[in-house]
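Engineer: The structure that follows is given in the form of structure tokens.
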Amino acid sequence: MTLAPMTPLAALPSPSTAVWQLGPVPIRAYALCIIVGIVVACVVTEYRLRRRGVAPGAVLDIAVWAVPAGIIGARIYHVITSPEKYFGADGQPLKAFAIWEGGLGIWGAVAGGAVGAWFAARQLGIPFAVVADALAPGLPLAQAVGRFGNWFNNELFGGRTSLPWGLQVHVMDPDNPGHALRDDAGKPVLEPGLYHPTFLYEALWNIGVAALVLILDRKLRLGRGRAFALYVMGYTAGRFWIEMMRTDEANHILGVRLNVWTAALVFLGALVYFLRVRGPREYLIPVGEPGPPVPPAGGDVSQVDLSAREAGARPVAPEGYRVVTEEQFHAYRETGVVPAEEPVATGEADRDEAAEAGSAEAGPDEADAVERESADGATVEARPDPDRTDEDRAGAGGARPADRDS
């Protein structure tokens with residue numbers, strides 16, 4: 001009888017090094033993954049913003065505010081939810097600023113990044129819902145790339161498993177961060193057994209969320225932030241079950257990991273928003289867009305800046321944007337004619353004010369041509385008397401409309 005081998009036939013390896021030295025500068029895999037993820041999100045968001053009418057390059061202006069705010073928010077969330085690591089009995093408060101050693105919370109990243117993106121959108125005159133919907137598929141792709149930073153760091157893995165895709169995990173050297181501990185023979189030391197690669201589960205789930213947002217957004221023509229709400233629902237649904245598989249240290253509430261509660265609450269909030277908010281997808285046309293340069297009068301070629309013409313026209317961001325329907329947007333793209341703004345309906349009080357203002361502008365004689373009710377109930381029309389002065393009319397009790405407005 002042949003016994004089955006006790007060691008697994010297949011496994012996923014883990015890197016034994018997460019930091020490389022480029023001279024005196026350390027190159028950290030965790031930071032590289034975050035940077036690549038940001039680039040991916042920016043490329044996807046730029047493409048989607050252009051299709052909604054935003055000028056090229058707007059995503060860079062947004063990223064300048066959103067990325068730093070997102071990193072700060074992610075670190076603040078991590079420190080708040082794990083205070084014992086920094087402010088406990090053996091905590092090191094200054095370590096709260098050591099972002100390169102890991103410790104970023106996605107919930108804080110999304111919240112902080114949203115604040116930065118909102119501020120940038122206001123400066124550019126872009127509705128924040130348009131920015132959020134454009135970012136919806138790019139953000140999970142960025143998260144998928146960023147999760148591989150945890151793989152390099154040999155962290156955030158799940159429980160033991162015997163599955164063929166079980167993950168080998170190195171014992172990291174506390175005295176040499178970013179490097180695995182080595183035995184006397186110089187070989188990296190591995191944790192016993194194999195573990196669930198939760199980083200890979202979440203990365204694959206996020207790619208699926210991005211595909212889901214793209215498909216439903218194209219089919220349902222989502223707008224007003226509903227595409228972003230769909231992303232939030234998709235991500236938190238996956239994070240809910242993946243979080244329960246993780247075995248790293250975490251704070252618990254009623255015996256359940258804090259991030260499980262957070263995922264459930266955020267999911268419910270996004271679901272309520274998705275169901276309650278309605279409306280068509282927003283498209284934008286520029287407001288105050290600079291026109292082409294006007295050639296000098298008289299055809300004086302010496303006044304033409306040939307160097308600027310050779311360099312090509314530089315795109316200049318418009319002063320702001322106006323929300324239009326999809327039909328108006330496509331017509332504007334085809335013809336270049338800015339659609340007229342729809343008239344705003346006014347109430348009865350507004351119409352009365354307009355009528356009074358019009359009567360005042362028409363002059364005192366025309367203003368006197370109003371219907372008056374006689375004592376016996378009959379309606380008579382008071383004709384203007386050119387011989388009567390304004391004082392006579394005032395003495396007769398015929399106050400002008402302009403007087404009522406004063």
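Chain labels follow the order of the structure tokens: the first chain is A, the next B, and so on; residue numbering restarts at 1 in every chain, and ligands are counted from 1 in their shown order.
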Which residues are close to Leu124 in chain A, i.e. within 8 Å by only C-alpha atoms, leaving aside same-chain residues fewer than 2 positions away? Reply as a count of residues only.
Structural biologist: 7
Engineer: Please give the complete set of residues from range 72-130 of chain A that DSSP, run on the backbone, assigns to alpha helix (DSSP H), formatted as a PyMOL selection string.
Structural biologist: chain A and resi 72-81+84-87+106-124+128-130
Engineer: For the residues in the current selection, export N, CA, C and O atoms as a compact mmCIF listing (two decimals), in the first residue's frame.
Structural biologist:
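again34.txt, written as the output of this step:
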```
# COMPACT_ATOMS: atom_id res chain seq x y z
N ILE A 72 -3.74 60.00 3.38
CA ILE A 72 -3.87 60.49 4.76
C ILE A 72 -5.08 59.85 5.44
O ILE A 72 -5.01 59.41 6.59
N GLY A 73 -6.20 59.80 4.71
CA GLY A 73 -7.39 59.18 5.28
C GLY A 73 -7.20 57.71 5.58
O GLY A 73 -7.66 57.20 6.61
N ALA A 74 -6.49 57.00 4.70
CA ALA A 74 -6.23 55.57 4.92
C ALA A 74 -5.38 55.35 6.16
O ALA A 74 -5.62 54.42 6.94
N ARG A 75 -4.38 56.19 6.34
CA ARG A 75 -3.51 56.04 7.51
C ARG A 75 -4.25 56.40 8.80
O ARG A 75 -4.09 55.72 9.83
N ILE A 76 -5.06 57.46 8.75
CA ILE A 76 -5.82 57.86 9.93
C ILE A 76 -6.77 56.74 10.36
O ILE A 76 -6.88 56.41 11.54
N TYR A 77 -7.44 56.12 9.39
CA TYR A 77 -8.36 55.04 9.72
C TYR A 77 -7.61 53.87 10.36
O TYR A 77 -8.07 53.27 11.34
N HIS A 78 -6.45 53.54 9.80
CA HIS A 78 -5.67 52.43 10.35
C HIS A 78 -5.22 52.72 11.78
O HIS A 78 -5.32 51.85 12.66
N VAL A 79 -4.76 53.92 12.01
CA VAL A 79 -4.27 54.27 13.35
C VAL A 79 -5.42 54.29 14.35
O VAL A 79 -5.30 53.80 15.48
N ILE A 80 -6.58 54.82 13.95
CA ILE A 80 -7.71 54.89 14.85
C ILE A 80 -8.23 53.50 15.20
O ILE A 80 -8.60 53.22 16.36
N THR A 81 -8.25 52.60 14.23
CA THR A 81 -8.79 51.27 14.47
C THR A 81 -7.76 50.31 15.05
O THR A 81 -8.11 49.19 15.43
N GLU A 84 -3.60 50.45 19.69
CA GLU A 84 -2.66 49.81 20.61
C GLU A 84 -1.27 49.64 20.01
O GLU A 84 -0.28 49.57 20.75
N LYS A 85 -1.18 49.62 18.68
CA LYS A 85 0.13 49.48 18.05
C LYS A 85 0.97 50.74 18.18
O LYS A 85 2.20 50.68 18.07
N TYR A 86 0.31 51.86 18.41
CA TYR A 86 1.02 53.13 18.42
C TYR A 86 0.91 53.87 19.75
O TYR A 86 1.81 54.63 20.10
N PHE A 87 -0.16 53.66 20.48
CA PHE A 87 -0.37 54.41 21.71
C PHE A 87 -0.62 53.51 22.92
O PHE A 87 -1.01 53.97 23.97
N ILE A 106 -8.67 50.82 3.63
CA ILE A 106 -9.36 51.22 2.41
C ILE A 106 -10.54 52.14 2.70
O ILE A 106 -10.86 53.04 1.92
N TRP A 107 -11.18 51.95 3.85
CA TRP A 107 -12.33 52.80 4.18
C TRP A 107 -11.88 54.26 4.33
O TRP A 107 -12.55 55.17 3.83
N GLY A 108 -10.78 54.47 5.01
CA GLY A 108 -10.26 55.83 5.15
C GLY A 108 -9.75 56.37 3.84
O GLY A 108 -9.84 57.58 3.56
N ALA A 109 -9.20 55.48 2.99
CA ALA A 109 -8.70 55.93 1.68
C ALA A 109 -9.83 56.45 0.81
O ALA A 109 -9.71 57.50 0.17
N VAL A 110 -10.96 55.73 0.78
CA VAL A 110 -12.09 56.15 -0.03
C VAL A 110 -12.69 57.45 0.52
O VAL A 110 -13.00 58.38 -0.24
N ALA A 111 -12.82 57.53 1.86
CA ALA A 111 -13.39 58.74 2.45
C ALA A 111 -12.49 59.95 2.24
O ALA A 111 -12.95 61.02 1.81
N GLY A 112 -11.19 59.80 2.51
CA GLY A 112 -10.27 60.91 2.31
C GLY A 112 -10.14 61.29 0.85
O GLY A 112 -10.12 62.49 0.51
N GLY A 113 -10.06 60.29 -0.03
CA GLY A 113 -9.98 60.57 -1.45
C GLY A 113 -11.22 61.27 -1.97
O GLY A 113 -11.14 62.13 -2.86
N ALA A 114 -12.39 60.91 -1.42
CA ALA A 114 -13.63 61.57 -1.85
C ALA A 114 -13.62 63.04 -1.48
O ALA A 114 -14.08 63.88 -2.26
N VAL A 115 -13.11 63.36 -0.29
CA VAL A 115 -13.03 64.77 0.11
C VAL A 115 -12.11 65.54 -0.84
O VAL A 115 -12.44 66.64 -1.29
N GLY A 116 -10.95 64.97 -1.14
CA GLY A 116 -10.02 65.63 -2.06
C GLY A 116 -10.61 65.77 -3.45
O GLY A 116 -10.47 66.82 -4.10
N ALA A 117 -11.29 64.72 -3.95
CA ALA A 117 -11.89 64.78 -5.27
C ALA A 117 -13.03 65.79 -5.32
O ALA A 117 -13.21 66.50 -6.32
N TRP A 118 -13.80 65.87 -4.23
CA TRP A 118 -14.89 66.85 -4.17
C TRP A 118 -14.34 68.27 -4.25
O TRP A 118 -14.87 69.12 -4.98
N PHE A 119 -13.27 68.54 -3.53
CA PHE A 119 -12.67 69.87 -3.55
C PHE A 119 -12.16 70.19 -4.95
O PHE A 119 -12.38 71.30 -5.47
N ALA A 120 -11.46 69.24 -5.58
CA ALA A 120 -10.94 69.48 -6.93
C ALA A 120 -12.07 69.67 -7.93
O ALA A 120 -11.98 70.52 -8.83
N ALA A 121 -13.13 68.89 -7.80
CA ALA A 121 -14.26 69.01 -8.72
C ALA A 121 -14.90 70.39 -8.63
O ALA A 121 -15.31 70.97 -9.64
N ARG A 122 -15.00 70.93 -7.42
CA ARG A 122 -15.54 72.28 -7.26
C ARG A 122 -14.67 73.31 -7.95
O ARG A 122 -15.17 74.26 -8.56
N GLN A 123 -13.36 73.14 -7.86
CA GLN A 123 -12.47 74.08 -8.52
C GLN A 123 -12.59 74.02 -10.03
O GLN A 123 -12.45 75.03 -10.72
N LEU A 124 -12.86 72.83 -10.56
CA LEU A 124 -12.95 72.65 -12.01
C LEU A 124 -14.35 72.89 -12.54
O LEU A 124 -14.55 72.93 -13.76
N PHE A 128 -19.68 66.61 -8.73
CA PHE A 128 -18.95 65.54 -8.04
C PHE A 128 -19.49 64.16 -8.41
O PHE A 128 -18.73 63.19 -8.47
N ALA A 129 -20.79 64.06 -8.68
CA ALA A 129 -21.36 62.76 -9.05
C ALA A 129 -20.75 62.25 -10.36
O ALA A 129 -20.57 61.04 -10.53
N VAL A 130 -20.43 63.15 -11.27
CA VAL A 130 -19.81 62.74 -12.54
C VAL A 130 -18.42 62.17 -12.27
O VAL A 130 -18.03 61.14 -12.85
```
Engineer: Step one, run DSSP on the backbone; step two, keep only residues of range 22-210 of chain A assigned to strand (DSSP E); then write them as a PyMOL selection string.
Structural biologist: chain A and resi 22+25-28+160-161+194-195
Engineer: Measure the distance from CA of Arg51 in chain A to CA of Ala227 in chain A in Å and round it to one decimal.
Structural biologist: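 Calculated distance between CA of Arg51 in chain A and CA of Ala227 in chain A is 15.0 Å.
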Engineer: When you look at Val337 in chain A with a cut-off of 12 Å (counting only C-alpha atoms), what residues show up, excluding the ones that are within fewer than 5 positions of it in the same chain? I need them as a VMD selection string.
Structural biologist: chain A and resid 285 to 286 328 to 332
Engineer: Export C-alpha atoms of the chosen residues as a compact mmCIF listing (two decimals), in the first residue's frame?
Structural biologist:
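After the write, result_30.txt holds the following:
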```
# COMPACT_ATOMS: atom_id res chain seq x y z
CA ILE A 285 -20.52 70.85 -22.14
CA PRO A 286 -17.92 73.53 -21.40
CA GLN A 328 -27.92 67.45 -26.41
CA PHE A 329 -24.39 66.29 -25.71
CA HIS A 330 -24.11 64.22 -28.89
CA ALA A 331 -25.65 67.03 -30.94
CA TYR A 332 -23.09 69.43 -29.49
```
Engineer: Can you tell me which residues surround Glu341 in chain A at a distance of at most 10 Å, considering only C-alpha atoms, apart from same-chain residues fewer than 5 positions away, and format the answer as number ranges by chain?
Structural biologist: A: 322-324
Engineer: In Å, with one decimal, what is the gap from CA of Ala134 in chain A to CA of Leu49 in chain A?
Structural biologist: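 Pair CA of Ala134 in chain A / CA of Leu49 in chain A returns 5.8 Å.
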Engineer: So what do you get for CA of Pro15 in chain A versus CA of Gly146 in chain A, distance-wise?
Structural biologist: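 Going from CA of Pro15 in chain A over to CA of Gly146 in chain A covers 15.4 Å.
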Engineer: Could you make a table, as CSV, of the residues of range 85-155 of chain A that have an atom within 12 Å of an atom of range 246-254 of chain A, each with its nearest atom pair and distance in Å to one decimal, counting only C-alpha atoms, in chain and number order?
Structural biologist:
```
residue,atom,partner,partner_atom,distance
A:Lys85,CA,A:Glu249,CA,10.6
A:Gly103,CA,A:Ala250,CA,11.8
A:Asn154,CA,A:Asp248,CA,11.1
A:Glu155,CA,A:Asp248,CA,7.8
```
Engineer: I want to know what sits within 8 Å of Leu135 in chain A, based on only C-alpha atoms, with residues of the same chain fewer than 5 positions away left out; could you give that as a ChimeraX atom specification?
Structural biologist: /A:41,44-45,48,228
Engineer: Which is closest to Gly138 in chain A among A:Pro197, A:Pro26, A:Gly37, A:Gly125, if we use only C-alpha atoms?
Structural biologist: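 Of A:Pro197, A:Pro26, A:Gly37, A:Gly125, the one nearest Gly138 in chain A is A:Gly37, counting only C-alpha atoms.
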Engineer: Counting only C-alpha atoms, what is within 8 Å of range 221-225 of chain A, bar same-chain residues fewer than 6 positions away, as a PyMOL selection string?
Structural biologist: chain A and resi 129-130+132-133+277-282
Engineer: Which residue is closest to Leu230 in chain A? Choose from A:Leu258, A:Ala136, A:Val64, A:Val145 and count only C-alpha atoms.
Structural biologist: A:Ala136
Engineer: Just checking: using only C-alpha atoms, which residue out of A:Gly105, A:Pro164, A:Pro24, A:Pro174 ends up closest to Arg147 in chain A?
Structural biologist: A:Gly105
Engineer: Applying 12 Å and only C-alpha atoms, which residues near Asn206 in chain A remain after dropping the ones on its own chain fewer than 5 positions away? List them as a list in words.
Structural biologist: Ala136, Pro137, Gly138, Leu139, Pro140, Leu141, Ala142, Gln143, Ala144, Val145, Gly146, Arg147, Phe199, Leu200, Tyr201, Ala211, Leu212, Val213, Tyr231, Val232, Met233, Gly234, Tyr235, Thr236, Ala237, Gly238, Arg239 and Ile242 of chain A
Engineer: For N, CA, C and O atoms, I'd like the residues from the last selection saved as a compact mmCIF listing (two decimals), in the first residue's frame.
Structural biologist:
```txt
# COMPACT_ATOMS: atom_id res chain seq x y z
N ALA A 136 -15.68 54.88 -10.73
CA ALA A 136 -16.24 53.64 -10.18
C ALA A 136 -15.53 52.37 -10.64
O ALA A 136 -15.21 51.52 -9.81
N PRO A 137 -15.25 52.15 -11.93
CA PRO A 137 -14.54 50.92 -12.30
C PRO A 137 -13.03 50.99 -12.11
O PRO A 137 -12.37 49.97 -11.96
N GLY A 138 -12.47 52.19 -12.11
CA GLY A 138 -11.02 52.31 -11.96
C GLY A 138 -10.55 52.06 -10.55
O GLY A 138 -9.45 51.53 -10.33
N LEU A 139 -11.37 52.42 -9.55
CA LEU A 139 -10.97 52.25 -8.16
C LEU A 139 -10.79 50.78 -7.77
O LEU A 139 -9.78 50.44 -7.15
N PRO A 140 -11.71 49.87 -8.10
CA PRO A 140 -11.46 48.46 -7.77
C PRO A 140 -10.26 47.88 -8.51
O PRO A 140 -9.58 46.99 -7.98
N LEU A 141 -9.99 48.36 -9.72
CA LEU A 141 -8.79 47.89 -10.41
C LEU A 141 -7.53 48.33 -9.68
O LEU A 141 -6.56 47.58 -9.55
N ALA A 142 -7.55 49.58 -9.17
CA ALA A 142 -6.41 50.06 -8.38
C ALA A 142 -6.25 49.24 -7.11
O ALA A 142 -5.14 48.91 -6.70
N GLN A 143 -7.36 48.90 -6.47
CA GLN A 143 -7.27 48.08 -5.27
C GLN A 143 -6.72 46.69 -5.57
O GLN A 143 -5.99 46.12 -4.76
N ALA A 144 -7.10 46.15 -6.72
CA ALA A 144 -6.59 44.82 -7.09
C ALA A 144 -5.07 44.84 -7.24
O ALA A 144 -4.37 43.92 -6.78
N VAL A 145 -4.56 45.88 -7.88
CA VAL A 145 -3.11 46.00 -8.02
C VAL A 145 -2.45 46.22 -6.66
O VAL A 145 -1.41 45.63 -6.35
N GLY A 146 -3.05 47.06 -5.84
CA GLY A 146 -2.47 47.36 -4.54
C GLY A 146 -2.39 46.16 -3.63
O GLY A 146 -1.49 46.08 -2.77
N ARG A 147 -3.31 45.20 -3.78
CA ARG A 147 -3.29 44.01 -2.91
C ARG A 147 -2.02 43.18 -3.09
O ARG A 147 -1.63 42.44 -2.19
N PHE A 199 -5.26 37.90 -0.20
CA PHE A 199 -4.92 39.03 -1.06
C PHE A 199 -5.33 38.73 -2.49
O PHE A 199 -5.84 39.62 -3.21
N LEU A 200 -5.15 37.47 -2.94
CA LEU A 200 -5.51 37.08 -4.29
C LEU A 200 -7.02 37.00 -4.45
O LEU A 200 -7.56 37.40 -5.49
N TYR A 201 -7.70 36.49 -3.43
CA TYR A 201 -9.16 36.46 -3.49
C TYR A 201 -9.73 37.86 -3.68
O TYR A 201 -10.63 38.08 -4.50
N ALA A 211 -15.61 44.81 -13.69
CA ALA A 211 -16.35 44.33 -14.86
C ALA A 211 -17.85 44.50 -14.67
O ALA A 211 -18.58 44.89 -15.60
N LEU A 212 -18.35 44.23 -13.46
CA LEU A 212 -19.77 44.39 -13.17
C LEU A 212 -20.21 45.83 -13.35
O LEU A 212 -21.26 46.11 -13.95
N VAL A 213 -19.42 46.77 -12.84
CA VAL A 213 -19.77 48.19 -12.96
C VAL A 213 -19.79 48.61 -14.43
O VAL A 213 -20.72 49.30 -14.88
N TYR A 231 -20.29 50.13 -7.24
CA TYR A 231 -18.95 49.68 -6.88
C TYR A 231 -18.84 49.43 -5.38
O TYR A 231 -18.29 48.41 -4.95
N VAL A 232 -19.36 50.35 -4.57
CA VAL A 232 -19.27 50.21 -3.12
C VAL A 232 -19.99 48.94 -2.67
O VAL A 232 -19.48 48.17 -1.85
N MET A 233 -21.17 48.69 -3.22
CA MET A 233 -21.91 47.47 -2.86
C MET A 233 -21.13 46.22 -3.26
O MET A 233 -21.05 45.25 -2.49
N GLY A 234 -20.59 46.22 -4.47
CA GLY A 234 -19.85 45.05 -4.93
C GLY A 234 -18.61 44.78 -4.10
O GLY A 234 -18.34 43.64 -3.72
N TYR A 235 -17.86 45.85 -3.80
CA TYR A 235 -16.64 45.66 -3.03
C TYR A 235 -16.93 45.20 -1.61
O TYR A 235 -16.29 44.27 -1.11
N THR A 236 -17.87 45.85 -0.94
CA THR A 236 -18.13 45.50 0.46
C THR A 236 -18.73 44.10 0.59
O THR A 236 -18.49 43.42 1.59
N ALA A 237 -19.50 43.66 -0.42
CA ALA A 237 -20.02 42.29 -0.37
C ALA A 237 -18.87 41.28 -0.38
O ALA A 237 -18.90 40.27 0.36
N GLY A 238 -17.84 41.52 -1.19
CA GLY A 238 -16.70 40.62 -1.19
C GLY A 238 -15.83 40.76 0.04
O GLY A 238 -15.35 39.76 0.60
N ARG A 239 -15.65 42.00 0.47
CA ARG A 239 -14.81 42.23 1.64
C ARG A 239 -15.43 41.58 2.88
O ARG A 239 -14.71 41.17 3.80
N ILE A 242 -14.37 37.84 2.73
CA ILE A 242 -12.91 37.71 2.72
C ILE A 242 -12.33 38.12 4.06
O ILE A 242 -11.39 37.50 4.57
```
Engineer: Using only C-alpha atoms, which of the listed residues (A:Leu156, A:Ala89, A:Val169, A:Ile35) sits closest to Glu243 in chain A?
Structural biologist: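 Of A:Leu156, A:Ala89, A:Val169, A:Ile35, the one nearest Glu243 in chain A is A:Leu156, counting only C-alpha atoms.
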Engineer: So, with only C-alpha atoms as the atoms that count, which of A:Thr17, A:Val209, A:Glu46, A:Asp61 lies closest to Pro188 in chain A?
Structural biologist: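 Closest to Pro188 in chain A, using only C-alpha atoms: A:Thr17.
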Engineer: Restricting the calculation to only C-alpha atoms: of A:Leu284, A:His196, A:Arg28, A:Ala10, which residue gets closest to Asn153 in chain A?
Structural biologist: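 The answer is A:Arg28, which sits nearest to Asn153 in chain A.
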